[in-house]
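Everything below belongs to entry30.cif, which stores mmCIF, C-alpha atoms and all ligand atoms.
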```cif
data_coords
#
loop_
_atom_site.group_PDB
_atom_site.id
_atom_site.type_symbol
_atom_site.label_atom_id
_atom_site.label_comp_id
_atom_site.auth_asym_id
_atom_site.auth_seq_id
_atom_site.Cartn_x
_atom_site.Cartn_y
_atom_site.Cartn_z
ATOM 1 C CA MET A 1 39.905 14.054 -13.194
ATOM 2 C CA SER A 2 37.267 15.252 -10.768
ATOM 3 C CA ARG A 3 37.847 14.781 -7.077
ATOM 4 C CA THR A 4 35.716 12.383 -5.091
ATOM 5 C CA VAL A 5 33.875 14.352 -2.433
ATOM 6 C CA ILE A 6 31.372 11.827 -1.124
ATOM 7 C CA GLY A 7 31.287 8.116 -0.525
ATOM 8 C CA PRO A 8 29.993 5.712 -3.156
ATOM 9 C CA GLU A 9 26.844 4.946 -1.122
ATOM 10 C CA ILE A 10 25.618 8.524 -1.320
ATOM 11 C CA GLU A 11 26.803 8.845 -4.903
ATOM 12 C CA ARG A 12 24.672 5.798 -5.742
ATOM 13 C CA LEU A 13 21.681 7.360 -3.991
ATOM 14 C CA ILE A 14 22.044 10.511 -6.092
ATOM 15 C CA GLN A 15 22.419 8.470 -9.253
ATOM 16 C CA LEU A 16 19.217 6.505 -8.568
ATOM 17 C CA LEU A 17 17.225 9.573 -7.520
ATOM 18 C CA SER A 18 18.210 11.332 -10.742
ATOM 19 C CA LYS A 19 16.317 8.634 -12.661
ATOM 20 C CA LEU A 20 13.014 9.729 -11.098
ATOM 21 C CA PRO A 21 10.643 11.710 -13.344
ATOM 22 C CA GLY A 22 11.104 15.430 -12.848
ATOM 23 C CA LEU A 23 14.461 15.088 -11.091
ATOM 24 C CA GLY A 24 17.632 16.013 -12.911
ATOM 25 C CA PRO A 25 21.130 15.579 -11.420
ATOM 26 C CA ARG A 26 20.884 18.892 -9.558
ATOM 27 C CA SER A 27 17.570 18.206 -7.846
ATOM 28 C CA ALA A 28 18.655 14.618 -7.209
ATOM 29 C CA ARG A 29 21.668 15.964 -5.276
ATOM 30 C CA ARG A 30 19.392 18.258 -3.273
ATOM 31 C CA ALA A 31 16.970 15.420 -2.545
ATOM 32 C CA ALA A 32 19.816 13.098 -1.523
ATOM 33 C CA LEU A 33 21.273 15.729 0.785
ATOM 34 C CA HIS A 34 17.858 16.307 2.337
ATOM 35 C CA LEU A 35 17.445 12.556 2.865
ATOM 36 C CA VAL A 36 20.824 12.015 4.491
ATOM 37 C CA LYS A 37 20.342 15.046 6.742
ATOM 38 C CA LYS A 38 16.980 13.635 7.862
ATOM 39 C CA LYS A 39 18.310 10.143 8.254
ATOM 40 C CA ASP A 40 15.993 9.012 11.043
ATOM 41 C CA GLU A 41 12.835 10.928 10.135
ATOM 42 C CA LEU A 42 12.951 10.388 6.391
ATOM 43 C CA LEU A 43 15.706 8.252 4.917
ATOM 44 C CA ALA A 44 15.190 5.166 7.090
ATOM 45 C CA PRO A 45 11.349 5.148 6.880
ATOM 46 C CA LEU A 46 11.551 5.773 3.120
ATOM 47 C CA ALA A 47 13.994 2.902 2.682
ATOM 48 C CA GLY A 48 11.619 0.705 4.694
ATOM 49 C CA ALA A 49 8.575 1.745 2.657
ATOM 50 C CA MET A 50 10.475 1.129 -0.575
ATOM 51 C CA THR A 51 11.564 -2.333 0.504
ATOM 52 C CA VAL A 52 7.979 -3.259 1.389
ATOM 53 C CA ALA A 53 6.667 -1.805 -1.883
ATOM 54 C CA ALA A 54 9.342 -3.571 -3.955
ATOM 55 C CA ASP A 55 8.319 -6.792 -2.246
ATOM 56 C CA LYS A 56 4.583 -6.402 -2.607
ATOM 57 C CA VAL A 57 3.896 -4.500 -5.810
ATOM 58 C CA LEU A 58 1.952 -6.452 -8.431
ATOM 59 C CA VAL A 59 0.284 -5.695 -11.738
ATOM 60 C CA CYS A 60 -3.399 -6.666 -11.727
ATOM 61 C CA SER A 61 -3.878 -9.484 -14.234
ATOM 62 C CA THR A 62 -7.411 -8.265 -14.948
ATOM 63 C CA CYS A 63 -7.048 -4.525 -15.466
ATOM 64 C CA GLY A 64 -3.323 -3.718 -15.463
ATOM 65 C CA ASN A 65 -3.539 -1.501 -12.375
ATOM 66 C CA ILE A 66 -0.609 -1.519 -9.968
ATOM 67 C CA ASP A 67 -1.407 -2.621 -6.440
ATOM 68 C CA THR A 68 -0.274 -5.063 -3.770
ATOM 69 C CA THR A 69 -2.932 -7.664 -4.564
ATOM 70 C CA ASP A 70 -3.967 -9.412 -7.775
ATOM 71 C CA PRO A 71 -6.818 -8.830 -8.615
ATOM 72 C CA CYS A 72 -6.296 -5.255 -7.475
ATOM 73 C CA THR A 73 -8.338 -3.501 -4.783
ATOM 74 C CA ILE A 74 -10.643 -1.947 -7.404
ATOM 75 C CA CYS A 75 -11.249 -5.181 -9.359
ATOM 76 C CA SER A 76 -12.004 -7.109 -6.180
ATOM 77 C CA ASP A 77 -14.354 -4.483 -4.723
ATOM 78 C CA PRO A 78 -17.920 -5.834 -5.119
ATOM 79 C CA ARG A 79 -19.348 -2.300 -4.821
ATOM 80 C CA ARG A 80 -17.644 -1.355 -8.062
ATOM 81 C CA ASP A 81 -19.782 -1.383 -11.183
ATOM 82 C CA ALA A 82 -18.337 -4.212 -13.243
ATOM 83 C CA SER A 83 -20.504 -3.346 -16.255
ATOM 84 C CA THR A 84 -18.592 -0.142 -16.994
ATOM 85 C CA ILE A 85 -14.911 -0.179 -17.917
ATOM 86 C CA ILE A 86 -12.932 3.036 -18.129
ATOM 87 C CA VAL A 87 -9.961 2.646 -20.444
ATOM 88 C CA VAL A 88 -6.908 4.728 -19.491
ATOM 89 C CA GLU A 89 -3.400 4.928 -20.897
ATOM 90 C CA ASP A 90 -1.568 4.835 -17.606
ATOM 91 C CA VAL A 91 -2.034 4.060 -13.916
ATOM 92 C CA ALA A 92 -1.455 7.802 -13.294
ATOM 93 C CA ASP A 93 -4.723 8.490 -15.149
ATOM 94 C CA LEU A 94 -6.553 5.907 -13.061
ATOM 95 C CA TRP A 95 -5.219 7.604 -9.936
ATOM 96 C CA ALA A 96 -6.315 10.996 -11.276
ATOM 97 C CA LEU A 97 -9.880 9.738 -11.852
ATOM 98 C CA GLU A 98 -9.924 8.154 -8.414
ATOM 99 C CA ARG A 99 -8.657 11.377 -6.800
ATOM 100 C CA ALA A 100 -11.589 13.139 -8.440
ATOM 101 C CA SER A 101 -13.982 10.441 -7.112
ATOM 102 C CA ALA A 102 -15.411 10.782 -10.608
ATOM 103 C CA THR A 103 -16.652 7.247 -11.024
ATOM 104 C CA ASN A 104 -17.572 3.944 -9.459
ATOM 105 C CA ALA A 105 -16.606 1.979 -12.553
ATOM 106 C CA ARG A 106 -13.745 -0.444 -13.063
ATOM 107 C CA TYR A 107 -10.724 0.271 -15.225
ATOM 108 C CA HIS A 108 -8.510 -1.058 -17.952
ATOM 109 C CA VAL A 109 -4.945 0.224 -18.148
ATOM 110 C CA LEU A 110 -3.501 0.085 -21.667
ATOM 111 C CA GLY A 111 0.094 0.774 -20.733
ATOM 112 C CA GLY A 112 0.507 3.662 -23.185
ATOM 113 C CA ALA A 113 -0.917 4.860 -26.480
ATOM 114 C CA LEU A 114 -0.385 3.840 -30.080
ATOM 115 C CA SER A 115 2.556 5.699 -31.540
ATOM 116 C CA PRO A 116 4.005 4.380 -34.804
ATOM 117 C CA LEU A 117 6.832 6.937 -34.580
ATOM 118 C CA ASP A 118 7.946 5.551 -31.227
ATOM 119 C CA GLY A 119 7.377 1.986 -32.381
ATOM 120 C CA VAL A 120 4.384 1.413 -30.103
ATOM 121 C CA GLY A 121 1.904 -0.875 -31.849
ATOM 122 C CA PRO A 122 -1.299 -2.610 -30.715
ATOM 123 C CA ASP A 123 0.636 -5.623 -29.418
ATOM 124 C CA ASP A 124 2.542 -3.401 -27.015
ATOM 125 C CA LEU A 125 -0.686 -2.332 -25.314
ATOM 126 C CA ALA A 126 -3.287 -4.315 -23.371
ATOM 127 C CA ILE A 127 -5.852 -4.015 -26.176
ATOM 128 C CA ASP A 128 -6.337 -7.759 -26.778
ATOM 129 C CA LYS A 129 -6.992 -8.132 -23.082
ATOM 130 C CA LEU A 130 -9.617 -5.396 -23.214
ATOM 131 C CA ALA A 131 -11.356 -7.101 -26.135
ATOM 132 C CA GLU A 132 -11.266 -10.361 -24.147
ATOM 133 C CA ARG A 133 -12.860 -8.694 -21.129
ATOM 134 C CA VAL A 134 -15.612 -7.268 -23.307
ATOM 135 C CA ARG A 135 -16.202 -10.585 -25.092
ATOM 136 C CA ALA A 136 -16.407 -12.385 -21.757
ATOM 137 C CA GLY A 137 -19.701 -10.545 -21.226
ATOM 138 C CA GLY A 138 -21.212 -8.458 -18.449
ATOM 139 C CA VAL A 139 -19.807 -5.212 -19.830
ATOM 140 C CA GLY A 140 -22.367 -2.658 -21.004
ATOM 141 C CA GLU A 141 -20.179 0.366 -21.578
ATOM 142 C CA VAL A 142 -16.549 1.109 -22.340
ATOM 143 C CA ILE A 143 -15.466 4.691 -21.685
ATOM 144 C CA LEU A 144 -12.305 5.710 -23.519
ATOM 145 C CA ALA A 145 -10.567 8.076 -21.111
ATOM 146 C CA VAL A 146 -7.404 8.430 -23.163
ATOM 147 C CA ASN A 147 -5.376 11.605 -23.438
ATOM 148 C CA ALA A 148 -6.552 14.279 -25.905
ATOM 149 C CA THR A 149 -3.306 13.862 -27.845
ATOM 150 C CA VAL A 150 -2.885 12.543 -31.400
ATOM 151 C CA GLU A 151 -1.627 9.238 -29.945
ATOM 152 C CA GLY A 152 -4.534 9.033 -27.511
ATOM 153 C CA GLN A 153 -7.114 9.684 -30.184
ATOM 154 C CA THR A 154 -5.473 7.232 -32.613
ATOM 155 C CA THR A 155 -5.668 4.652 -29.845
ATOM 156 C CA ALA A 156 -9.345 5.455 -29.233
ATOM 157 C CA HIS A 157 -10.189 4.906 -32.908
ATOM 158 C CA TYR A 158 -8.254 1.674 -32.995
ATOM 159 C CA ILE A 159 -10.077 0.349 -29.914
ATOM 160 C CA MET A 160 -13.396 1.439 -31.391
ATOM 161 C CA ASP A 161 -12.629 -0.655 -34.484
ATOM 162 C CA ARG A 162 -11.576 -3.610 -32.367
ATOM 163 C CA LEU A 163 -14.825 -3.505 -30.404
ATOM 164 C CA ALA A 164 -17.008 -3.132 -33.482
ATOM 165 C CA GLY A 165 -19.393 -6.044 -33.719
ATOM 166 C CA THR A 166 -19.810 -6.335 -29.949
ATOM 167 C CA ASP A 167 -22.946 -4.772 -28.506
ATOM 168 C CA VAL A 168 -21.010 -2.755 -25.931
ATOM 169 C CA LYS A 169 -21.606 0.993 -25.890
ATOM 170 C CA VAL A 170 -18.381 2.947 -26.422
ATOM 171 C CA SER A 171 -18.120 6.542 -25.261
ATOM 172 C CA ARG A 172 -15.354 9.042 -24.762
ATOM 173 C CA LEU A 173 -14.662 11.999 -22.526
ATOM 174 C CA ALA A 174 -16.453 15.243 -23.298
ATOM 175 C CA HIS A 175 -14.866 18.548 -24.140
ATOM 176 C CA GLY A 176 -13.246 20.263 -21.247
ATOM 177 C CA VAL A 177 -10.240 18.060 -21.759
ATOM 178 C CA PRO A 178 -7.931 20.483 -23.547
ATOM 179 C CA VAL A 179 -6.548 19.400 -26.913
ATOM 180 C CA GLY A 180 -3.148 17.924 -26.273
ATOM 181 C CA GLY A 181 -4.060 17.590 -22.616
ATOM 182 C CA GLU A 182 -2.959 14.763 -20.385
ATOM 183 C CA LEU A 183 -5.487 13.564 -17.842
ATOM 184 C CA ASP A 184 -3.041 13.414 -14.986
ATOM 185 C CA TYR A 185 -2.625 17.192 -15.162
ATOM 186 C CA LEU A 186 -6.319 18.092 -15.119
ATOM 187 C CA ASP A 187 -7.998 19.429 -12.021
ATOM 188 C CA GLU A 188 -10.550 17.125 -10.407
ATOM 189 C CA GLY A 189 -13.558 19.274 -11.400
ATOM 190 C CA THR A 190 -12.684 19.282 -15.099
ATOM 191 C CA LEU A 191 -12.043 15.571 -15.038
ATOM 192 C CA THR A 192 -15.339 14.795 -13.297
ATOM 193 C CA ALA A 193 -17.296 16.998 -15.733
ATOM 194 C CA ALA A 194 -15.575 15.433 -18.744
ATOM 195 C CA LEU A 195 -16.502 11.981 -17.522
ATOM 196 C CA ARG A 196 -20.134 12.838 -16.719
ATOM 197 C CA GLN A 197 -20.671 14.530 -20.090
ATOM 198 C CA ARG A 198 -19.003 11.771 -22.062
ATOM 199 C CA THR A 199 -20.203 11.364 -25.626
ATOM 200 C CA PRO A 200 -20.937 8.241 -27.691
ATOM 201 C CA PHE A 201 -17.957 7.348 -29.822
HETATM 202 ZN ZN ZN A 301 -7.557 -4.648 -11.387
#
```
So that I can check it, write out the structure of this file as structure tokens.
Amino acid sequence: MSRTVIGPEIERLIQLLSKLPGLGPRSARRAALHLVKKKDELLAPLAGAMTVAADKVLVCSTCGNIDTTDPCTICSDPRRDASTIIVVEDVADLWALERASATNARYHVLGGALSPLDGVGPDDLAIDKLAERVRAGGVGEVILAVNATVEGQTTAHYIMDRLAGTDVKVSRLAHGVPVGGELDYLDEGTLTAALRQRTPF
């Protein structure tokens, strides 16, 4: 039996931190130690920020973005071009495009990509909702900014089929997105160029 060396409160903190992406048990312990050492400068403000976020975080019922208002800041911004919808797999991709200031369009977050092997089908993604938005009118172009992975491209083809028969123009990101590449990992310049040189789908 292993000896208990810290109280359950800190043990719980380590356990929760280890569930964060990119943090294993070892880095979670380091992060927890750093937090408890910097109790006033870091731990308390972080706990406060997390409580506020947990209280306020909402999923936008229009586009699937995560924000503190519904509709989200982007959907409710009148300066945003409502006639262009950029379809992304994840909120991380939306953030990446926004970091690059690559576009003034609005978004649609799918919530993943089609992956029969992982049991992810069309009903698991916000594809019906996208089709609804397009059918509601006012949309001239849909840009498929999905990852250059097999799943991403399968998803793009599926969406293309679903939008067939509407008069919306469908385009996708240009080359420059490496095969197998995930948008969140691209530098801003590559992402901006890929969006500007998008090609008809
Ligand atoms: Zn939104």
(request) Please measure the separation of atom CA of Ser115 of chain A and atom CA of Val142 of chain A, giving the value in Å to one decimal. (result) 21.7 Å
(message) I'd like to see the residues matched by the PyMOL selection byres (((not hetatm)) within 10 of (chain A and resi 301)) on this file, and ideally I'd get them as JSON, numbers by chain.
(response) {"A": [59, 60, 61, 62, 63, 64, 65, 66, 67, 69, 70, 71, 72, 73, 74, 75, 76, 77, 106, 107, 108, 109]}
(request) Would you work out the distance separating atom CA of Gly189 of chain A from atom CA of Ala100 of chain A, expressed in Å to one decimal? (result)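 Pair atom CA of Gly189 of chain A / atom CA of Ala100 of chain A returns 7.1 Å.
Minimum atom-to-atom distance to Asp167 of chain A, evaluated using all atoms listed in the file, belongs to A:Gly138 out of A:Gly138, A:Leu46, A:Glu188, A:Ala193.
The spacing separating atom CA of Val88 of chain A from atom CA of Leu144 of chain A amounts to 6.8 Å.
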(message) Which residues are close to Leu17 of chain A, i.e. within 9 Å by all atoms listed in the file, leaving aside same-chain residues fewer than 5 positions away? Reply as a VMD selection string.
(response) chain A and resid 12 23 to 25 27 to 29 31 to 32
(request) Give the answer as one residue: which of A:Lys38, A:Arg26, A:Lys129, A:Lys169 has the shortest atom-to-atom distance to Pro200 of chain A, using only C-alpha atoms? (result)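 Nearest candidate to Pro200 of chain A out of A:Lys38, A:Arg26, A:Lys129, A:Lys169: A:Lys169.
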(request) Run through the PyMOL selection byres (((chain A and resi 112) around 8) and not hetatm) on the given coordinates and return the selected residues as a ChimeraX atom specification. (result) /A:89-90,110-111,113-114,125
(request) To verify the selection step, state as a PyMOL selection string which residues the PyMOL selection byres (((chain A and resi 86) around 12) and not hetatm) yields on this input. (result) chain A and resi 63+65+80-85+87-91+93-94+97-98+102-110+130+134+139-146+156+169-173+195+198
(request) Return the single residue from A:Phe201, A:Gly7, A:Pro178, A:Ala194 that is closest to Tyr158 of chain A, with distances computed using all atoms listed in the file. (result)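 Nearest to Tyr158 of chain A: A:Phe201.
Counting all atoms listed in the file and comparing A:Leu42, A:Leu13, A:Ala96, A:Leu20, the residue that lies closest to Leu191 of chain A is A:Ala96.
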(message) Considering all atoms listed in the file, can you say which of A:Pro21, A:Ala174, A:Val150, A:His157 comes closest to Gln197 of chain A?
(response)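 Smallest separation from Gln197 of chain A among the options: A:Ala174.
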